[in-house]
file structure-v4.tsv (TSV, C-alpha atoms)
chain	number	residue	atom	x	y	z
A	238	MET	CA	144.43	98.95	60.54
A	239	THR	CA	140.92	99.59	61.88
A	240	SER	CA	138.12	100.74	59.62
A	241	SER	CA	136.66	104.21	60.22
A	242	ALA	CA	133.46	103.48	58.30
A	243	PRO	CA	130.28	104.24	60.32
A	244	SER	CA	128.37	101.24	61.64
A	245	LYS	CA	125.13	100.52	59.83
A	246	THR	CA	121.89	99.93	61.67
A	247	MET	CA	118.82	98.04	60.55
A	248	THR	CA	115.18	98.97	61.14
A	249	LEU	CA	112.92	96.09	62.16
A	250	ASN	CA	109.15	96.18	62.67
A	251	LEU	CA	108.00	94.07	65.60
A	252	GLY	CA	104.25	93.75	65.13
A	253	PRO	CA	101.55	94.85	64.72
A	254	GLN	CA	100.63	91.25	63.88
A	255	HIS	CA	103.21	89.58	66.12
A	256	PRO	CA	101.40	87.46	68.74
A	257	ALA	CA	103.88	88.36	71.48
A	258	THR	CA	103.01	92.08	71.28
A	259	HIS	CA	99.75	91.17	73.08
A	260	GLY	CA	97.54	92.93	70.56
A	261	VAL	CA	98.05	95.15	67.56
A	262	LEU	CA	101.14	96.93	68.90
A	263	ARG	CA	103.93	97.88	66.52
A	264	VAL	CA	107.40	98.56	67.90
A	265	ILE	CA	109.89	100.10	65.44
A	266	LEU	CA	113.32	98.80	66.43
A	267	GLU	CA	116.61	100.23	65.23
A	268	LEU	CA	119.22	97.49	65.58
A	269	ASP	CA	122.97	97.36	65.61
A	270	GLY	CA	123.38	93.62	65.20
A	271	GLU	CA	121.27	92.11	68.00
A	272	THR	CA	121.44	95.24	70.16
A	273	ILE	CA	118.55	97.69	70.20
A	274	VAL	CA	119.75	101.25	69.57
A	275	LYS	CA	116.30	102.85	69.51
A	276	ALA	CA	112.76	101.64	70.13
A	277	THR	CA	109.57	103.49	69.18
A	278	PRO	CA	106.13	102.05	70.02
A	279	ASP	CA	103.52	102.85	67.34
A	280	LEU	CA	99.91	102.81	68.54
A	281	GLY	CA	96.43	103.36	67.18
A	282	TYR	CA	95.74	100.18	65.20
A	283	LEU	CA	92.82	99.28	67.50
A	284	HIS	CA	91.41	102.78	68.09
A	285	THR	CA	87.77	102.50	69.21
A	286	GLY	CA	86.86	106.02	70.40
A	287	ILE	CA	85.13	104.73	73.53
A	288	GLU	CA	85.44	108.02	75.44
A	289	LYS	CA	83.80	110.00	72.62
A	290	THR	CA	81.15	107.32	72.12
A	291	ALA	CA	80.23	107.62	75.81
A	292	GLU	CA	79.17	111.24	75.25
A	293	ASP	CA	76.32	109.99	73.05
A	294	LYS	CA	75.10	107.31	75.47
A	295	LEU	CA	72.81	107.44	78.49
A	296	TYR	CA	74.84	106.97	81.66
A	297	TYR	CA	73.77	103.37	82.24
A	298	LYS	CA	74.48	102.48	78.59
A	299	VAL	CA	78.16	103.40	79.00
A	300	ILE	CA	78.82	100.47	81.35
A	301	PRO	CA	79.23	97.81	78.58
A	302	LEU	CA	81.72	100.11	76.81
A	303	THR	CA	84.03	100.00	79.82
A	304	ASP	CA	84.22	96.19	79.54
A	305	ARG	CA	85.74	96.55	76.08
A	306	MET	CA	88.77	98.55	77.25
A	307	ASP	CA	90.62	96.10	79.48
A	308	TYR	CA	88.68	92.98	78.54
A	309	LEU	CA	90.69	90.89	81.02
A	310	ALA	CA	89.48	93.04	83.92
A	311	PRO	CA	85.91	93.99	82.99
A	312	MET	CA	84.57	94.31	86.53
A	313	SER	CA	87.43	96.63	87.52
A	314	ASN	CA	86.46	98.93	84.65
A	315	ASN	CA	82.79	98.73	85.63
A	316	LEU	CA	83.66	99.63	89.21
A	317	GLY	CA	85.72	102.71	88.36
A	318	TYR	CA	82.96	104.07	86.12
A	319	VAL	CA	79.97	103.44	88.40
A	320	LEU	CA	81.82	104.86	91.43
A	321	ALA	CA	82.48	108.10	89.52
A	322	VAL	CA	78.82	108.44	88.47
A	323	GLU	CA	77.62	107.58	91.98
A	324	LYS	CA	79.82	110.35	93.40
A	325	LEU	CA	78.28	112.86	90.97
A	326	LEU	CA	74.80	111.68	91.97
A	327	GLY	CA	75.62	111.60	95.69
A	328	ILE	CA	74.49	107.98	96.00
A	329	GLU	CA	75.66	105.81	98.89
A	330	VAL	CA	75.28	102.11	98.08
A	331	PRO	CA	74.42	99.42	100.67
A	332	GLU	CA	77.25	97.60	102.46
A	333	LYS	CA	76.43	94.34	100.70
A	334	VAL	CA	77.05	96.06	97.36
A	335	LYS	CA	80.43	97.38	98.51
A	336	TRP	CA	81.62	93.99	99.74
A	337	SER	CA	80.30	92.18	96.66
A	338	ARG	CA	82.14	94.61	94.42
A	339	VAL	CA	85.39	94.14	96.34
A	340	LEU	CA	85.09	90.36	96.17
A	341	LEU	CA	84.37	90.33	92.44
A	342	THR	CA	87.07	92.85	91.51
A	343	GLU	CA	89.63	90.77	93.41
A	344	ILE	CA	88.46	87.71	91.49
A	345	THR	CA	88.95	89.87	88.40
A	346	ARG	CA	92.53	90.58	89.53
A	347	LEU	CA	93.11	86.81	89.66
A	348	ASN	CA	91.63	86.49	86.17
A	349	ASN	CA	93.94	89.17	84.78
A	350	HIS	CA	97.08	87.83	86.45
A	351	LEU	CA	96.38	84.26	85.33
A	352	VAL	CA	96.19	85.34	81.69
A	353	TRP	CA	99.29	87.51	82.17
A	354	LEU	CA	101.25	84.62	83.71
A	355	GLY	CA	100.24	82.08	81.08
A	356	THR	CA	100.97	84.33	78.10
A	357	HIS	CA	104.15	85.81	79.59
A	358	ALA	CA	105.54	82.34	80.27
A	359	LEU	CA	104.54	81.26	76.75
A	360	ASP	CA	106.42	84.25	75.29
A	361	VAL	CA	109.56	83.23	77.15
A	362	GLY	CA	109.21	79.56	76.19
A	363	ALA	CA	107.40	77.85	79.10
A	364	MET	CA	104.47	76.50	77.09
A	365	SER	CA	102.77	74.38	79.76
A	366	MET	CA	101.94	77.39	81.95
A	367	LEU	CA	99.32	78.69	79.52
A	368	LEU	CA	97.39	75.42	79.79
A	369	TYR	CA	97.61	75.41	83.60
A	370	THR	CA	96.54	79.04	84.11
A	371	PHE	CA	93.61	78.76	81.70
A	372	ARG	CA	92.51	75.64	83.56
A	373	GLU	CA	92.13	77.71	86.74
A	374	ARG	CA	90.67	80.67	84.84
A	375	GLU	CA	87.69	78.49	83.93
A	376	LEU	CA	86.63	78.57	87.61
A	377	ILE	CA	86.55	82.37	87.43
A	378	MET	CA	84.66	82.36	84.13
A	379	ASP	CA	82.06	80.13	85.80
A	380	ILE	CA	81.56	82.80	88.49
A	381	TYR	CA	81.25	85.54	85.86
A	382	GLU	CA	78.62	83.48	84.07
A	383	SER	CA	76.83	82.72	87.31
A	384	VAL	CA	76.43	86.35	88.40
A	385	SER	CA	75.98	88.09	85.05
A	386	GLY	CA	75.19	85.51	82.39
A	387	ALA	CA	78.37	86.38	80.44
A	388	ARG	CA	81.72	84.67	80.71
A	389	MET	CA	83.90	87.59	79.63
A	390	MET	CA	82.13	90.95	79.18
A	391	SER	CA	80.32	90.84	82.49
A	392	SER	CA	78.72	94.34	82.78
A	393	TYR	CA	77.46	93.27	86.22
A	394	PHE	CA	77.89	96.44	88.27
A	395	ARG	CA	75.26	99.16	87.95
A	396	VAL	CA	75.01	102.78	89.06
A	397	GLY	CA	73.60	102.35	92.55
A	398	GLY	CA	74.30	98.65	92.98
A	399	LEU	CA	74.42	95.36	91.10
A	400	ALA	CA	72.46	94.11	88.09
A	401	CYS	CA	70.85	91.42	90.23
A	402	ASP	CA	71.41	89.69	93.55
A	403	LEU	CA	74.24	87.21	94.00
A	404	PRO	CA	73.15	83.69	92.92
A	405	LEU	CA	72.44	80.97	95.46
A	406	ASP	CA	75.52	78.93	94.52
A	407	PHE	CA	77.84	81.95	94.70
A	408	ASP	CA	79.39	81.00	98.07
A	409	LYS	CA	80.08	77.48	96.89
A	410	LYS	CA	81.86	78.63	93.73
A	411	VAL	CA	84.00	81.17	95.59
A	412	LYS	CA	84.96	78.63	98.28
A	413	ASN	CA	86.09	76.29	95.52
A	414	ILE	CA	88.48	78.99	94.26
A	415	LEU	CA	89.81	79.53	97.78
A	416	LYS	CA	90.38	75.79	98.07
A	417	VAL	CA	91.98	75.16	94.66
A	418	PHE	CA	94.08	78.24	94.00
A	419	PRO	CA	96.72	78.12	96.79
A	420	GLU	CA	97.86	74.65	95.73
A	421	ARG	CA	97.85	75.61	92.05
A	422	MET	CA	99.91	78.71	92.75
A	423	ASN	CA	102.49	76.61	94.55
A	424	GLU	CA	102.56	74.47	91.42
A	425	TYR	CA	103.22	77.54	89.24
A	426	GLU	CA	106.05	78.68	91.49
A	427	ASN	CA	107.60	75.22	91.60
A	428	LEU	CA	107.71	75.30	87.81
A	429	LEU	CA	109.03	78.85	87.40
A	430	THR	CA	110.47	80.66	90.42
A	431	ASN	CA	113.57	78.48	90.78
A	432	ASN	CA	113.77	77.50	87.12
A	433	ARG	CA	117.26	78.45	85.87
A	434	ILE	CA	116.07	79.35	82.39
A	435	TRP	CA	113.22	81.49	83.72
A	436	ILE	CA	115.56	83.29	86.14
A	437	LYS	CA	118.14	84.05	83.43
A	438	ARG	CA	115.51	85.31	80.99
A	439	LEU	CA	113.97	87.72	83.55
A	440	THR	CA	116.65	88.74	86.06
A	441	ASN	CA	118.28	92.13	85.36
A	442	VAL	CA	116.18	92.43	82.19
A	443	GLY	CA	114.04	95.53	81.62
A	444	ARG	CA	115.26	97.35	84.70
A	445	ILE	CA	113.82	100.74	85.57
A	446	THR	CA	114.51	102.93	88.58
A	447	ALA	CA	112.00	104.44	91.00
A	448	GLU	CA	112.86	107.90	89.67
A	449	GLN	CA	112.15	106.81	86.08
A	450	ALA	CA	108.90	105.16	87.14
A	451	LEU	CA	107.66	108.24	88.99
A	452	ASN	CA	108.68	110.58	86.17
A	453	MET	CA	106.65	108.47	83.72
A	454	SER	CA	103.64	108.26	86.11
A	455	LEU	CA	103.83	104.47	86.13
A	456	THR	CA	101.56	102.63	88.54
A	457	GLY	CA	100.71	99.08	89.56
A	458	PRO	CA	103.30	96.28	89.61
A	459	LEU	CA	105.67	98.32	87.41
A	460	LEU	CA	105.93	101.09	89.98
A	461	ARG	CA	105.97	98.75	92.97
A	462	SER	CA	108.77	96.67	91.44
A	463	THR	CA	111.05	99.70	91.85
A	464	GLY	CA	110.43	99.87	95.60
A	465	VAL	CA	107.62	102.46	95.66
A	466	SER	CA	104.71	101.20	97.76
A	467	TYR	CA	101.73	102.89	96.11
A	468	ASP	CA	98.40	101.14	95.80
A	469	VAL	CA	95.14	103.08	95.38
A	470	ARG	CA	93.35	100.55	97.61
A	471	LYS	CA	95.59	101.67	100.49
A	472	ALA	CA	96.30	105.30	99.52
A	473	GLU	CA	92.68	106.29	98.78
A	474	PRO	CA	90.39	103.39	99.81
A	475	TYR	CA	87.14	103.00	97.87
A	476	SER	CA	84.17	100.64	98.06
A	477	GLY	CA	85.09	99.67	101.63
A	478	TYR	CA	88.69	98.52	101.03
A	479	GLU	CA	89.62	100.11	104.35
A	480	ASN	CA	87.82	97.19	106.05
A	481	PHE	CA	90.16	94.55	104.58
A	482	ASP	CA	93.52	93.33	105.79
A	483	PHE	CA	96.06	92.78	103.02
A	484	ASP	CA	99.67	93.57	102.15
A	485	VAL	CA	101.06	95.45	99.16
A	486	PRO	CA	104.03	93.49	97.71
A	487	VAL	CA	107.01	95.67	96.78
A	488	GLY	CA	110.15	94.82	94.80
A	489	LYS	CA	113.70	96.13	94.90
A	490	THR	CA	115.41	95.93	91.51
A	491	GLY	CA	112.65	96.99	89.10
A	492	ASP	CA	113.36	94.16	86.65
A	493	CYS	CA	111.11	91.62	84.95
A	494	PHE	CA	111.71	89.02	87.66
A	495	ASP	CA	110.56	91.43	90.39
A	496	ARG	CA	107.41	92.18	88.44
A	497	TYR	CA	106.75	88.43	88.16
A	498	LEU	CA	107.19	87.93	91.93
A	499	ILE	CA	104.96	90.91	92.75
A	500	ARG	CA	102.06	89.67	90.62
A	501	MET	CA	102.35	86.19	92.10
A	502	GLU	CA	102.13	87.65	95.61
A	503	GLU	CA	99.28	89.94	94.54
A	504	MET	CA	97.26	86.85	93.64
A	505	ARG	CA	97.80	85.47	97.13
A	506	GLN	CA	96.76	88.79	98.66
A	507	SER	CA	93.65	88.79	96.47
A	508	LEU	CA	92.74	85.39	97.88
A	509	ARG	CA	93.05	86.88	101.40
A	510	ILE	CA	90.67	89.69	100.50
A	511	ILE	CA	88.21	87.32	98.80
A	512	GLU	CA	88.12	85.10	101.89
A	513	GLN	CA	87.49	88.08	104.18
A	514	ALA	CA	84.78	89.43	101.88
A	515	LEU	CA	83.01	86.07	101.72
A	516	LYS	CA	83.09	85.55	105.50
A	517	GLY	CA	82.01	89.09	106.32
A	518	MET	CA	79.47	89.58	103.53
A	519	PRO	CA	76.62	91.60	105.12
A	520	GLU	CA	72.95	90.94	104.49
A	521	GLY	CA	70.86	93.55	102.76
A	522	PRO	CA	69.66	94.82	99.40
A	523	TYR	CA	71.78	94.54	96.27
A	524	GLN	CA	70.99	98.09	95.14
A	525	ALA	CA	70.36	101.52	96.63
A	526	ASP	CA	66.79	102.78	97.02
A	527	VAL	CA	66.94	105.68	94.56
A	528	PRO	CA	63.79	105.72	92.41
A	529	GLY	CA	64.36	107.31	89.04
A	530	VAL	CA	68.03	106.30	88.98
A	531	VAL	CA	68.14	102.66	90.04
A	532	LEU	CA	65.91	100.21	88.22
A	533	PRO	CA	63.23	98.68	90.48
A	534	PRO	CA	63.36	94.88	90.95
A	535	LYS	CA	61.84	93.02	88.02
A	536	LYS	CA	59.28	91.35	90.29
A	537	GLU	CA	57.91	94.76	91.30
A	538	VAL	CA	57.81	95.98	87.69
A	539	LEU	CA	55.39	93.17	86.89
A	540	THR	CA	53.06	93.91	89.81
A	541	ASN	CA	53.43	97.61	90.71
A	542	MET	CA	52.39	100.46	88.38
A	543	GLU	CA	54.79	103.02	89.92
A	544	ALA	CA	57.72	100.61	89.55
A	545	MET	CA	56.79	99.97	85.93
A	546	ILE	CA	56.73	103.72	85.20
A	547	PHE	CA	60.17	104.22	86.78
A	548	HIS	CA	61.52	101.26	84.81
A	549	PHE	CA	60.11	102.62	81.54
A	550	LYS	CA	61.43	106.15	82.08
A	551	ILE	CA	64.95	105.03	83.12
A	552	ILE	CA	65.29	102.69	80.13
A	553	THR	CA	63.93	105.16	77.55
A	554	GLU	CA	65.09	108.52	78.92
A	555	GLY	CA	67.86	107.70	81.38
A	556	PHE	CA	68.46	109.77	84.52
A	557	LYS	CA	69.85	113.26	84.93
A	558	VAL	CA	73.15	113.76	86.75
A	559	PRO	CA	73.78	117.08	88.56
A	560	ALA	CA	76.24	119.37	86.77
A	561	GLY	CA	79.80	119.02	87.98
A	562	SER	CA	82.93	116.95	87.56
A	563	PHE	CA	84.62	114.18	89.50
A	564	TYR	CA	87.69	111.96	89.18
A	565	GLN	CA	87.55	108.45	90.59
A	566	SER	CA	90.53	106.11	90.55
A	567	ILE	CA	90.80	102.45	91.48
A	568	GLU	CA	93.64	99.94	91.59
A	569	SER	CA	93.05	97.80	88.52
A	570	PRO	CA	95.27	94.73	87.98
A	571	LYS	CA	97.53	96.83	85.73
A	572	GLY	CA	97.75	99.97	87.86
A	573	GLU	CA	95.74	103.11	88.59
A	574	LEU	CA	92.62	103.25	86.43
A	575	GLY	CA	90.83	106.58	86.61
A	576	PHE	CA	87.58	107.99	85.28
A	577	TYR	CA	87.16	111.76	84.97
A	578	MET	CA	83.49	112.50	84.48
A	579	VAL	CA	82.01	115.88	83.56
A	580	SER	CA	78.25	116.39	83.72
A	581	ASP	CA	76.26	119.31	82.28
A	582	GLY	CA	73.10	118.24	84.10
A	583	SER	CA	71.75	116.11	81.25
A	584	THR	CA	71.18	112.37	80.89
A	585	LYS	CA	74.47	111.82	79.04
A	586	PRO	CA	78.09	112.49	80.07
A	587	TYR	CA	79.33	115.84	78.76
A	588	ARG	CA	82.85	114.39	78.86
A	589	MET	CA	84.43	111.11	79.92
A	590	ARG	CA	88.19	110.83	80.12
A	591	VAL	CA	89.91	107.62	81.15
A	592	ARG	CA	93.34	107.34	82.74
A	593	PRO	CA	94.37	103.94	81.33
A	594	PRO	CA	97.29	102.19	83.10
A	595	SER	CA	98.20	100.11	80.02
A	596	PHE	CA	98.69	103.22	77.88
A	597	ILE	CA	100.76	105.08	80.48
A	598	ASN	CA	102.79	102.03	81.54
A	599	LEU	CA	103.71	101.33	77.91
A	600	GLN	CA	106.01	104.38	78.09
A	601	ALA	CA	108.38	102.22	80.11
A	602	LEU	CA	109.07	99.92	77.15
A	603	THR	CA	111.55	102.28	75.48
A	604	PRO	CA	113.91	102.76	78.48
A	605	MET	CA	113.55	99.06	79.29
A	606	ILE	CA	114.78	97.73	75.96
A	607	GLU	CA	117.15	100.36	74.53
A	608	GLY	CA	120.61	98.85	74.84
A	609	ALA	CA	119.15	95.35	75.35
A	610	LEU	CA	118.93	92.42	72.93
A	611	VAL	CA	116.05	91.65	70.57
A	612	ALA	CA	115.15	88.55	72.59
A	613	ASP	CA	114.54	90.77	75.65
A	614	VAL	CA	111.86	92.85	73.90
A	615	ILE	CA	109.27	90.10	74.16
A	616	THR	CA	110.11	89.51	77.83
A	617	CYS	CA	109.72	93.22	78.61
A	618	ILE	CA	106.40	93.61	76.77
A	619	GLY	CA	105.03	90.64	78.69
A	620	SER	CA	106.26	91.99	82.01
A	621	ILE	CA	104.45	95.33	81.47
A	622	ASP	CA	101.12	93.50	81.01
A	623	ILE	CA	99.28	95.62	78.46
A	624	VAL	CA	95.91	95.20	76.80
A	625	LEU	CA	95.62	97.12	73.55
A	626	GLY	CA	91.91	97.68	74.04
A	627	GLU	CA	92.88	99.98	76.91
A	628	VAL	CA	95.86	101.53	75.11
A	629	ASP	CA	93.82	102.46	72.02
A	630	ARG	CA	90.50	103.07	73.73

call {"tool": "encode", "arguments": {"input": "structure-v4.tsv", "output": "structure tokens"}}
result
Amino acid sequence: MTSSAPSKTMTLNLGPQHPATHGVLRVILELDGETIVKATPDLGYLHTGIEKTAEDKLYYKVIPLTDRMDYLAPMSNNLGYVLAVEKLLGIEVPEKVKWSRVLLTEITRLNNHLVWLGTHALDVGAMSMLLYTFRERELIMDIYESVSGARMMSSYFRVGGLACDLPLDFDKKVKNILKVFPERMNEYENLLTNNRIWIKRLTNVGRITAEQALNMSLTGPLLRSTGVSYDVRKAEPYSGYENFDFDVPVGKTGDCFDRYLIRMEEMRQSLRIIEQALKGMPEGPYQADVPGVVLPPKKEVLTNMEAMIFHFKIITEGFKVPAGSFYQSIESPKGELGFYMVSDGSTKPYRMRVRPPSFINLQALTPMIEGALVADVITCIGSIDIVLGEVDR
């Protein structure tokens, strides 16, 4: 005789202190044994109010705030913001600035994907990968330090150009990355791609369809893993991306393994773009000639009275931006990152609204894991690649 008593479920909190939630993310799981019946992400533990803070800052003072959102892709955040402000101002930057920005944001994509790969593999149980990926990341941190003086929060891009010219040893450091990385990536793939445990932990786990992805406005590797070939660099080129030859990797099944393969290929495509940018880097100034908006070179400030006055006024008063609004999106390592800027004609943004890929992509967690096992939750969170600084900005 079978029992007609209703099955009992258990509520389990995953996070917000769990290291595998990649920040202070709490996921409320309702379990029937090991099977997830319902999953509810709970956000807000890291809320920083960056968008509201920006309304009280001069335009150039907002740039360091953008670093603090996705702190694994600081130069991508810088780029999206300065492009939006430059569009409002009607500034066209020199070609050298465009190519430098492309090169450095692709290096930033490598930085992001290396941390993603190392931590994702660690979550699943492949501990050595974290040590290997952070070994290569040091080469990127050296470039960050070389161009900006900071190893993580770079704040190198400026409205109208760069903070300073590229250092003399820049070419040498970038060439070293182009030399070392292909072999290291082969090493990663030898360890993981055909590893039976890795395949079983990722294949057919966290599957989403193209229809689900589009309905949730997913972008980046999550969307492309479902077979939709959308990349802002191709769809709406910015900063001269139309001059570069690269492919957009696309998956078929929309599972965790596809997302792994896509990011691995994205790193190889980033190396292609970096090589093209380095070879074709044009000569010229590292900032636009827009007195009153772009800081004059430090050497001129010390010898030229007019330059010193411009420097003083920009630092103390900022610069006015014509009234209007503009939305600028870029392809960050996690997906489409957008900045919607509204100006009232003053020296501070009237409104700044960010479209953060981590926050929007996190929607996919619930359909990914409902009906799956508890062990798959960690795999799925890692495959989404979130940074809570961007989720709770």

call {"tool": "residues_around", "arguments": {"input": "structure-v4.tsv", "residues": "His259 of chain A", "least_positions_apart": "6", "cutoff": "12 Å", "atoms": "only C-alpha atoms", "output": "list in words"}}
result
Leu251, Gly252, Pro253, Val352, Trp353, Thr356, His357, Leu359, Asp360, Ser595, Leu599, Ile615, Thr616, Cys617, Ile618, Gly619, Ser620, Ile621, Asp622, Ile623, Val624, Leu625, Gly626, Glu627 and Val628 of chain A

call {"tool": "closest_residue", "arguments": {"input": "structure-v4.tsv", "among": "A:Leu455, A:Ala525, A:Leu280, A:Leu399", "to": "Leu262 of chain A", "atoms": "all atoms listed in the file"}}
result
A:Leu280

call {"tool": "residues_around", "arguments": {"input": "structure-v4.tsv", "residues": "segment 282-296 of chain A", "least_positions_apart": "3", "cutoff": "8 Å", "atoms": "all atoms listed in the file", "output": "CSV table (one decimal) with C-alpha atoms, keeping the file's coordinate frame"}}
result
chain,number,residue,atom,x,y,z
A,253,PRO,CA,101.6,94.8,64.7
A,261,VAL,CA,98.0,95.2,67.6
A,262,LEU,CA,101.1,96.9,68.9
A,299,VAL,CA,78.2,103.4,79.0
A,300,ILE,CA,78.8,100.5,81.4
A,302,LEU,CA,81.7,100.1,76.8
A,303,THR,CA,84.0,100.0,79.8
A,554,GLU,CA,65.1,108.5,78.9
A,555,GLY,CA,67.9,107.7,81.4
A,556,PHE,CA,68.5,109.8,84.5
A,584,THR,CA,71.2,112.4,80.9
A,585,LYS,CA,74.5,111.8,79.0
A,586,PRO,CA,78.1,112.5,80.1
A,587,TYR,CA,79.3,115.8,78.8
A,588,ARG,CA,82.8,114.4,78.9
A,589,MET,CA,84.4,111.1,79.9
A,590,ARG,CA,88.2,110.8,80.1
A,591,VAL,CA,89.9,107.6,81.2
A,625,LEU,CA,95.6,97.1,73.6
A,626,GLY,CA,91.9,97.7,74.0
A,629,ASP,CA,93.8,102.5,72.0
A,630,ARG,CA,90.5,103.1,73.7

call {"tool": "closest_atom_pairs", "arguments": {"input": "structure-v4.tsv", "of": "segment 459-485 of chain A", "to": "segment 320-330 of chain A", "cutoff": "12 Å", "atoms": "only C-alpha atoms", "output": "CSV"}}
result
residue,atom,partner,partner_atom,distance
A:Tyr475,CA,A:Leu320,CA,8.6
A:Ser476,CA,A:Leu320,CA,8.2
A:Gly477,CA,A:Val330,CA,10.7

call {"tool": "residues_near_point", "arguments": {"input": "structure-v4.tsv", "point": "(60.8, 94.6, 88.4)", "cutoff": "7 Å", "atoms": "all atoms listed in the file", "output": "NGL selection string"}}
result
:A and (533-539 or 544)

call {"tool": "closest_atom_pairs", "arguments": {"input": "structure-v4.tsv", "of": "segment 270-346 of chain A", "to": "segment 372-391 of chain A", "cutoff": "10 Å", "atoms": "all atoms listed in the file", "output": "CSV"}}
result
residue,atom,partner,partner_atom,distance
A:Ile300,CA,A:Ser391,CA,9.8
A:Pro301,CA,A:Met390,CA,7.5
A:Leu302,CA,A:Met390,CA,9.5
A:Thr303,CA,A:Met390,CA,9.3
A:Asp304,CA,A:Met390,CA,5.7
A:Arg305,CA,A:Met390,CA,7.3
A:Asp307,CA,A:Met390,CA,9.9
A:Tyr308,CA,A:Met390,CA,6.9
A:Leu309,CA,A:Met389,CA,7.7
A:Ala310,CA,A:Met389,CA,8.9
A:Pro311,CA,A:Met390,CA,6.2
A:Met312,CA,A:Ser391,CA,6.8
A:Asn315,CA,A:Ser391,CA,8.8
A:Leu341,CA,A:Tyr381,CA,8.7
A:Ile344,CA,A:Ile377,CA,7.0
A:Thr345,CA,A:Ile377,CA,7.9

call {"tool": "residues_around", "arguments": {"input": "structure-v4.tsv", "residues": "Ser337 of chain A", "least_positions_apart": "5", "cutoff": "10 Å", "atoms": "all atoms listed in the file", "output": "short mmCIF file (atom, residue, chain, number, x, y, z; two decimals) with C-alpha atoms, in the frame of the given file"}}
result
data_model
loop_
_atom_site.label_atom_id
_atom_site.label_comp_id
_atom_site.auth_asym_id
_atom_site.auth_seq_id
_atom_site.Cartn_x
_atom_site.Cartn_y
_atom_site.Cartn_z
CA GLU A 332 77.25 97.60 102.46
CA THR A 342 87.07 92.85 91.51
CA GLU A 343 89.63 90.77 93.41
CA PHE A 394 77.89 96.44 88.27
CA GLY A 398 74.30 98.65 92.98
CA LEU A 399 74.42 95.36 91.10
CA ASP A 402 71.41 89.69 93.55
CA LEU A 403 74.24 87.21 94.00
CA SER A 476 84.17 100.64 98.06
CA ILE A 511 88.21 87.32 98.80
CA ALA A 514 84.78 89.43 101.88
CA LEU A 515 83.01 86.07 101.72
CA MET A 518 79.47 89.58 103.53
CA PRO A 519 76.62 91.60 105.12
CA TYR A 523 71.78 94.54 96.27
#

call {"tool": "closest_residue", "arguments": {"input": "structure-v4.tsv", "among": "A:Asp408, A:Glu607, A:Asp492, A:Glu420", "to": "Arg444 of chain A", "atoms": "all atoms listed in the file"}}
result
A:Asp492

call {"tool": "closest_residue", "arguments": {"input": "structure-v4.tsv", "among": "A:Val530, A:Leu351, A:Ala447, A:Leu439", "to": "Lys489 of chain A", "atoms": "all atoms listed in the file"}}
result
A:Ala447

call {"tool": "closest_residue", "arguments": {"input": "structure-v4.tsv", "among": "A:Val411, A:Ala276, A:Val611, A:Ala400", "to": "Leu340 of chain A", "atoms": "only C-alpha atoms"}}
result
A:Val411

call {"tool": "atom_distance", "arguments": {"input": "structure-v4.tsv", "atom1": "atom CA of Lys412 of chain A", "atom2": "atom CA of Leu574 of chain A"}}
result
28.4 Å

call {"tool": "closest_residue", "arguments": {"input": "structure-v4.tsv", "among": "A:Arg346, A:Arg496, A:Arg395, A:Arg505", "to": "Pro570 of chain A", "atoms": "only C-alpha atoms"}}
result
A:Arg346

call {"tool": "closest_residue", "arguments": {"input": "structure-v4.tsv", "among": "A:Gly488, A:Ile436, A:Arg500, A:Gly457", "to": "Met422 of chain A", "atoms": "all atoms listed in the file"}}
result
A:Arg500

call {"tool": "atom_distance", "arguments": {"input": "structure-v4.tsv", "atom1": "atom CA of Ile551 of chain A", "atom2": "atom CA of Val531 of chain A"}}
result
8.0 Å

call {"tool": "atom_distance", "arguments": {"input": "structure-v4.tsv", "atom1": "atom CA of Leu249 of chain A", "atom2": "atom CA of Thr440 of chain A"}}
result
25.3 Å

call {"tool": "decode", "arguments": {"input": "structure-v4.tsv", "residues": "segment 368-391 of chain A", "atoms": "C-alpha atoms", "output": "mmCIF file, in the first residue's frame"}}
result
data_model
loop_
_atom_site.group_PDB
_atom_site.id
_atom_site.type_symbol
_atom_site.label_atom_id
_atom_site.label_comp_id
_atom_site.auth_asym_id
_atom_site.auth_seq_id
_atom_site.Cartn_x
_atom_site.Cartn_y
_atom_site.Cartn_z
ATOM 1 C CA LEU A 368 47.172 28.500 -10.005
ATOM 2 C CA TYR A 369 47.841 28.282 -13.752
ATOM 3 C CA THR A 370 45.418 31.045 -14.790
ATOM 4 C CA PHE A 371 46.622 33.436 -12.093
ATOM 5 C CA ARG A 372 50.183 32.792 -13.249
ATOM 6 C CA GLU A 373 49.268 34.162 -16.693
ATOM 7 C CA ARG A 374 47.121 36.930 -15.212
ATOM 8 C CA GLU A 375 50.252 38.396 -13.639
ATOM 9 C CA LEU A 376 51.461 39.334 -17.142
ATOM 10 C CA ILE A 377 48.260 41.329 -17.635
ATOM 11 C CA MET A 378 48.539 42.967 -14.215
ATOM 12 C CA ASP A 379 52.051 44.072 -15.198
ATOM 13 C CA ILE A 380 50.600 45.844 -18.255
ATOM 14 C CA TYR A 381 47.907 47.514 -16.135
ATOM 15 C CA GLU A 382 50.591 48.744 -13.751
ATOM 16 C CA SER A 383 52.781 49.883 -16.608
ATOM 17 C CA VAL A 384 50.135 52.068 -18.284
ATOM 18 C CA SER A 385 48.210 53.349 -15.263
ATOM 19 C CA GLY A 386 50.243 52.728 -12.123
ATOM 20 C CA ALA A 387 47.532 50.439 -10.682
ATOM 21 C CA ARG A 388 47.360 46.682 -10.977
ATOM 22 C CA MET A 389 43.594 46.300 -10.662
ATOM 23 C CA MET A 390 41.549 49.531 -10.632
ATOM 24 C CA SER A 391 43.217 51.021 -13.676
#
